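Enquirer: Mind having a look at this structure? Questions to follow.
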Amino acid sequence: MDYRTHLTDETAKRVSRAIGATHIGVLFEHVATAFWPSFSGISVVIGLTLLGVHEVVPLGWRMAIWGMVALALAGLFVLGVWRLRWPSPAIAMSRVDATLRGQPLQALRDTPVSRESDPSSRAIWAAHMARMSTRVAAARPVAPEPMMAAKDPYGLRLVALTVLGMGLVFGSIDHAKTVAMTSSTDQIAAGPTWEGWVKPPAFTGKPTLYLADLGAGFEAPQGSQVTVRLYGDGASDDLTLRETVSGIGDGAAPDFKVAQSGDIEIDGPTGQLWSVGLIPDAPPTAELIGDMTRAASGEARQSYRLSDDFGVTKAVMVFERDGAAVTRHYGFALTPEPRPDLIIDVILPQTGSRTEIEGMFAQNVSEHPFSGLPVMMSLRAYDQTGQVSTDAIGEGILPGRRFFDPLAAAIIDVRRELLWNRSNATRAAQVLRAVSYQPDETVGDGDVTQRLRAVISLIEDRVGPMSDERVDQVVKELWEIATLLEDGDLKEALERLRRAQERLQQAMRDGASDEEIARLMQELRGATQDYIARLAEQQGDQESEAAQGETQQMSADQLQQLMDRIQELMEQGRMAEAQQMMDMLNQLLENMRVTQDPNGQGGEGNPSMQGMQDMLRDQQELNDDTFSDLQNQQDQGPQGEEGEGQDRQGSDAQGQGEDGASDMGALSERQGALRRELERQRGNVPNGENAEGIGEALDGAGRAMDDAEQALRENDLGGALDRQAQALEALREGMRQLGDQLSQNQTQDQDGQQGQSGGATGGEERRDPLGRFAGNTGQAGSDEAMTEGEDVYRRAEELLDEIRRRSAEQQRPDDERDYLNRLLDRF
């Protein structure tokens, strides 16, 4: 029975369409199963033809191969026809019926076996037919299922499609035209063929160009490799290659590079002409930004900018000794020994683009012979082709480590003269003996004394000029002695601290995990605490401890806050800000170690000088408090932002607001009290040549304090810190000039007393260049202890003030003034 007799016309049409569409899908399955080998063979032949594979086969063999390919394709087609079975509509109907619940199509075609005369049977049957008719309305076409994976277990059809795709993408229709060449006569009639490619250098990142697909003109990067191939019998006679882009003249060379704009021509029956424009590879550029600076650790730093159209591959910083800028006196009066330029590779970023690079060169070259001397520096960059930029030129003093211990500084000065010219060996031995006179008072450490004497013996124990090996040994030992004098027991702790900082900075560059950052920060905290403890042990002078106790404790708190902030920034991935905090940490550690400013704080015991020293200390403490509040404000910033716009509830919020206002008020009141104290101290400034300069410096300090007080009242902590720094600098300048004034007054008093007593021809002749009175033994040096009653750093500042004063006196001998000026240049 036909199922449509039980359906409405609309439902019957819908079911017929579903069965028809399914029947087409079944037909596709049968065709694909029967003809997939034939389709795969045709795809392979088309793909290889577009790629021009047949053109590499000799013409005689080519026709035979084409014949075998045609027979193979015909055989596959015949096999497909033999295997093809035309599907019947019943197959499609059964597939559609299988998707419906209860197979309603089959049910609608059934006939009842019961007697039709039975009313109950007829009613049941009618209800059954109605139910099946309702289910048939949901009939939908069934998608074909070729199941090709089971019929092609090796995936040959996919290989054929891949070959076809490669031919369509990388091949050319011109290759298909050569398929019709059936004889040598046809080959000559069609003309010889050619192929060509333009391959840019790999570093440009540009793709290879196929000449046959290019128009009459194109552009290629400088250094692109051009390859041309001519095919066919007698191609070299019928086709001629000419080019003017290589810069070596016309010729038939099949491989050449693009060096300039010009033409490429294949002259002949099937030839073509291209006009080639050159994309030049410009040389890189290098630029120095600002002046060379010195970090707290003695590291030389120089900002720079590099650029190149395709990327910088290498950059070097070259330092050349500027002998013309060196003051040629004392050990530097000799002609310097020739030394090679100091060449240091600039570390470039390992990831990202290198077309534009801005960075900072940082290197510690304190032990190099050029350290502390005028140098000419030049930055040069290189690109992939070896092109070099024009040197970015700068000049300045090559920074190095500073030595605040007077004896260590003198040893480094001797070392520098010995590296200037080894002929200074005799002078070096004499100076080392002079500065180490009475070692129990000047050196103290027995091991250092023995090492210093051994170096003197090593210098004097020679015949003729010192060898290179001996010079290297002497300067290495001098450096170690100087660092031992400067660092003392701090050396080991300082090395541990530096190693911890280097590992943390490397973690910043490598993108370490949070666990690694936490471990390295813990290591840095331990090294810092050990360093501070050793520093406290070394600064054992009670007066120094009393003056610095509160500041040192405050600095420890700042260090803790800084390290917490560094860890937080690194965990957030803000490495640039973390590096800035690391620089601030280094600066704080340097300031803790050098607790006395090197700009002159002499005149100990004078009321005006003592008052200004107290004021400087109080201003520094206020600066530290302001900095601590700024750090706390930054840490609480995000919480404050979240709370904006919300009503404060409870007395706690109100109390916090009142405490913050009271803190700002307390800081501003302290700043105002310091400003009023400064006005009072101005009345204690003695008269003299420097009185006007002292007054200007104190006026600047007063204005800066007034601005800082106003900024604190407005809760502008950042602005207050800037003004407080200006006030500190002005106070130091005023103290330096006040020290010069007090020294001049003291010298005038001594000269007057000596004139009245009819003493020697000049009191200055009884002092050595360091300002010490000659000892009772009659030898050079002094019997007085340089460190009794005060710490060595304050004594160094007094000596520096005295050197400044004496260097300004024109009546002194030229040799002495030259020596004093050289000391000033060094320190």
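Chain labels follow the order of the structure tokens: the first chain is A, the next B, and so on; residue numbering restarts at 1 in every chain, and ligands are counted from 1 in their shown order.
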Show me, as number ranges by chain, the residues that have an atom within 12 Å of A:Thr5 when counting only C-alpha atoms, minus same-chain residues fewer than 2 positions from it.
Expert: A: 1-3, 7-9, 11-12, 105, 108-110, 129-130, 133
Enquirer: Just N, CA, C and O atoms for this one: save the residues we selected as a short mmCIF file (atom, residue, chain, number, x, y, z; two decimals), in the first residue's frame.
Expert:
```cif
data_model
loop_
_atom_site.label_atom_id
_atom_site.label_comp_id
_atom_site.auth_asym_id
_atom_site.auth_seq_id
_atom_site.Cartn_x
_atom_site.Cartn_y
_atom_site.Cartn_z
N MET A 1 0.85 -1.20 0.00
CA MET A 1 0.00 0.00 0.00
C MET A 1 0.89 1.24 0.00
O MET A 1 1.91 1.26 0.68
N ASP A 2 0.48 2.26 -0.71
CA ASP A 2 1.24 3.52 -0.77
C ASP A 2 0.98 4.30 0.51
O ASP A 2 -0.17 4.49 0.93
N TYR A 3 2.07 4.76 1.08
CA TYR A 3 1.94 5.50 2.35
C TYR A 3 1.23 6.81 2.17
O TYR A 3 0.66 7.39 3.10
N LEU A 7 -1.92 10.33 4.02
CA LEU A 7 -1.36 11.64 4.33
C LEU A 7 -2.09 12.73 3.58
O LEU A 7 -2.66 12.49 2.49
N THR A 8 -2.03 13.91 4.15
CA THR A 8 -2.53 15.08 3.43
C THR A 8 -1.56 15.42 2.31
O THR A 8 -0.40 14.97 2.28
N ASP A 9 -2.03 16.24 1.39
CA ASP A 9 -1.18 16.61 0.26
C ASP A 9 0.09 17.34 0.73
O ASP A 9 1.19 17.07 0.21
N THR A 11 1.63 17.16 3.66
CA THR A 11 2.54 16.24 4.36
C THR A 11 3.19 15.29 3.38
O THR A 11 4.38 14.96 3.48
N ALA A 12 2.43 14.84 2.39
CA ALA A 12 2.99 13.93 1.40
C ALA A 12 4.10 14.60 0.60
O ALA A 12 5.14 13.98 0.30
N LEU A 105 6.66 5.35 8.15
CA LEU A 105 6.49 5.13 6.71
C LEU A 105 6.21 3.66 6.43
O LEU A 105 5.36 3.32 5.57
N LEU A 108 2.65 2.91 7.57
CA LEU A 108 1.61 3.39 6.68
C LEU A 108 1.45 2.49 5.45
O LEU A 108 0.41 2.51 4.77
N ARG A 109 2.45 1.71 5.11
CA ARG A 109 2.37 0.82 3.96
C ARG A 109 1.82 -0.57 4.35
O ARG A 109 1.62 -1.42 3.48
N ASP A 110 1.63 -0.81 5.63
CA ASP A 110 1.12 -2.11 6.08
C ASP A 110 -0.39 -2.22 5.86
O ASP A 110 -1.09 -1.20 5.74
N MET A 129 -3.18 4.34 12.21
CA MET A 129 -2.79 5.06 11.01
C MET A 129 -2.70 6.58 11.28
O MET A 129 -1.82 7.28 10.76
N ALA A 130 -3.64 7.09 12.04
CA ALA A 130 -3.62 8.53 12.35
C ALA A 130 -2.36 8.91 13.14
O ALA A 130 -1.73 9.94 12.91
N SER A 133 0.58 8.84 10.80
CA SER A 133 0.54 10.00 9.90
C SER A 133 1.09 11.25 10.61
O SER A 133 1.77 12.09 10.00
#
```
Enquirer: Using only C-alpha atoms, which of A:Leu348, A:Val316, A:Ala286, A:Val448 sits nearest A:Ser389?
Expert: A:Ala286
Enquirer: Find the distance between atom CA of A:His175 and atom CA of A:Phe39 and write it in Å to one decimal.
Expert: 21.2 Å
Enquirer: Counting only C-alpha atoms, what is within 9 Å of A:Leu79, bar same-chain residues fewer than 2 positions away, as a ChimeraX atom specification?
Expert: /A:34-35,37-38,74-77,81-84
Enquirer: Could you pull out the residues in stretch 158-333 of chain A that DSSP calls alpha helix (DSSP H) from the backbone, as a CSV table (one decimal) with N, CA, C and O atoms, in the first residue's frame?
Expert:
```csv
chain,number,residue,atom,x,y,z
A,158,LEU,N,43.4,12.1,0.4
A,158,LEU,CA,43.9,13.4,1.1
A,158,LEU,C,45.2,13.8,0.5
A,158,LEU,O,45.5,15.0,0.3
A,159,VAL,N,46.0,12.8,0.1
A,159,VAL,CA,47.3,13.1,-0.5
A,159,VAL,C,47.0,13.8,-1.9
A,159,VAL,O,47.7,14.8,-2.2
A,160,ALA,N,46.1,13.3,-2.6
A,160,ALA,CA,45.7,13.8,-3.9
A,160,ALA,C,45.2,15.3,-3.8
A,160,ALA,O,45.6,16.2,-4.6
A,161,LEU,N,44.4,15.5,-2.8
A,161,LEU,CA,43.8,16.9,-2.6
A,161,LEU,C,45.0,17.8,-2.2
A,161,LEU,O,45.0,19.0,-2.5
A,162,THR,N,46.0,17.3,-1.4
A,162,THR,CA,47.1,18.2,-1.0
A,162,THR,C,47.9,18.6,-2.3
A,162,THR,O,48.3,19.8,-2.4
A,163,VAL,N,48.2,17.6,-3.2
A,163,VAL,CA,48.9,18.0,-4.4
A,163,VAL,C,48.1,19.0,-5.2
A,163,VAL,O,48.7,19.9,-5.8
A,164,LEU,N,46.8,18.8,-5.3
A,164,LEU,CA,46.0,19.7,-6.1
A,164,LEU,C,46.1,21.1,-5.4
A,164,LEU,O,46.2,22.1,-6.1
A,165,GLY,N,46.0,21.2,-4.1
A,165,GLY,CA,46.0,22.5,-3.4
A,165,GLY,C,47.4,23.2,-3.7
A,165,GLY,O,47.4,24.4,-3.9
A,166,MET,N,48.5,22.4,-3.6
A,166,MET,CA,49.8,23.0,-3.8
A,166,MET,C,49.9,23.6,-5.2
A,166,MET,O,50.5,24.6,-5.5
A,167,GLY,N,49.3,22.8,-6.2
A,167,GLY,CA,49.4,23.3,-7.6
A,167,GLY,C,48.6,24.6,-7.8
A,167,GLY,O,49.0,25.5,-8.5
A,168,LEU,N,47.4,24.7,-7.1
A,168,LEU,CA,46.6,25.9,-7.3
A,168,LEU,C,47.2,27.1,-6.6
A,168,LEU,O,47.1,28.2,-7.1
A,169,VAL,N,47.9,26.9,-5.5
A,169,VAL,CA,48.5,28.0,-4.7
A,169,VAL,C,49.9,28.4,-5.3
A,169,VAL,O,50.2,29.6,-5.5
A,170,PHE,N,50.7,27.4,-5.5
A,170,PHE,CA,52.1,27.7,-5.9
A,170,PHE,C,52.4,27.6,-7.4
A,170,PHE,O,53.5,28.0,-7.9
A,173,ILE,N,49.2,28.7,-14.4
A,173,ILE,CA,48.5,28.2,-15.6
A,173,ILE,C,49.4,28.1,-16.8
A,173,ILE,O,49.1,27.4,-17.7
A,174,ASP,N,50.5,28.9,-16.7
A,174,ASP,CA,51.4,28.8,-17.9
A,174,ASP,C,52.1,27.5,-18.1
A,174,ASP,O,52.4,27.0,-19.2
A,175,HIS,N,52.2,26.7,-17.0
A,175,HIS,CA,52.8,25.4,-17.1
A,175,HIS,C,51.8,24.4,-17.8
A,175,HIS,O,52.3,23.5,-18.5
A,176,ALA,N,50.5,24.7,-17.6
A,176,ALA,CA,49.6,23.8,-18.3
A,176,ALA,C,49.6,24.0,-19.8
A,176,ALA,O,49.2,23.1,-20.5
A,177,LYS,N,50.0,25.1,-20.3
A,177,LYS,CA,50.1,25.4,-21.7
A,177,LYS,C,51.1,24.5,-22.4
A,177,LYS,O,51.0,24.2,-23.6
A,184,SER,N,59.2,18.0,-31.0
A,184,SER,CA,60.2,19.1,-31.0
A,184,SER,C,59.8,20.2,-31.9
A,184,SER,O,60.1,21.4,-31.7
A,185,THR,N,59.0,19.9,-33.0
A,185,THR,CA,58.5,21.0,-33.9
A,185,THR,C,57.6,21.9,-33.1
A,185,THR,O,57.6,23.1,-33.2
A,186,ASP,N,56.6,21.3,-32.3
A,186,ASP,CA,55.7,22.1,-31.5
A,186,ASP,C,56.5,22.9,-30.5
A,186,ASP,O,56.1,24.0,-30.2
A,187,GLN,N,57.6,22.3,-29.9
A,187,GLN,CA,58.3,23.0,-28.9
A,187,GLN,C,59.0,24.2,-29.5
A,187,GLN,O,59.0,25.3,-28.9
A,188,ILE,N,59.5,24.1,-30.7
A,188,ILE,CA,60.1,25.3,-31.3
A,188,ILE,C,59.1,26.3,-31.7
A,188,ILE,O,59.3,27.5,-31.5
A,189,ALA,N,57.9,25.8,-32.1
A,189,ALA,CA,56.9,26.8,-32.5
A,189,ALA,C,56.4,27.6,-31.3
A,189,ALA,O,56.1,28.7,-31.3
A,190,ALA,N,56.2,26.8,-30.1
A,190,ALA,CA,55.8,27.5,-28.9
A,190,ALA,C,56.9,28.4,-28.3
A,190,ALA,O,56.6,29.3,-27.6
A,235,ALA,N,67.5,26.9,-25.6
A,235,ALA,CA,66.9,28.0,-24.9
A,235,ALA,C,67.9,29.1,-24.7
A,235,ALA,O,67.6,30.3,-24.8
A,236,SER,N,69.2,28.7,-24.5
A,236,SER,CA,70.2,29.7,-24.3
A,236,SER,C,70.5,30.5,-25.5
A,236,SER,O,71.0,31.6,-25.4
A,237,ASP,N,70.1,30.0,-26.7
A,237,ASP,CA,70.3,30.7,-28.0
A,237,ASP,C,69.1,31.6,-28.3
A,237,ASP,O,69.2,32.7,-28.8
A,238,ASP,N,67.9,31.1,-27.9
A,238,ASP,CA,66.7,31.8,-28.2
A,238,ASP,C,66.3,32.8,-27.2
A,238,ASP,O,65.6,33.8,-27.5
```
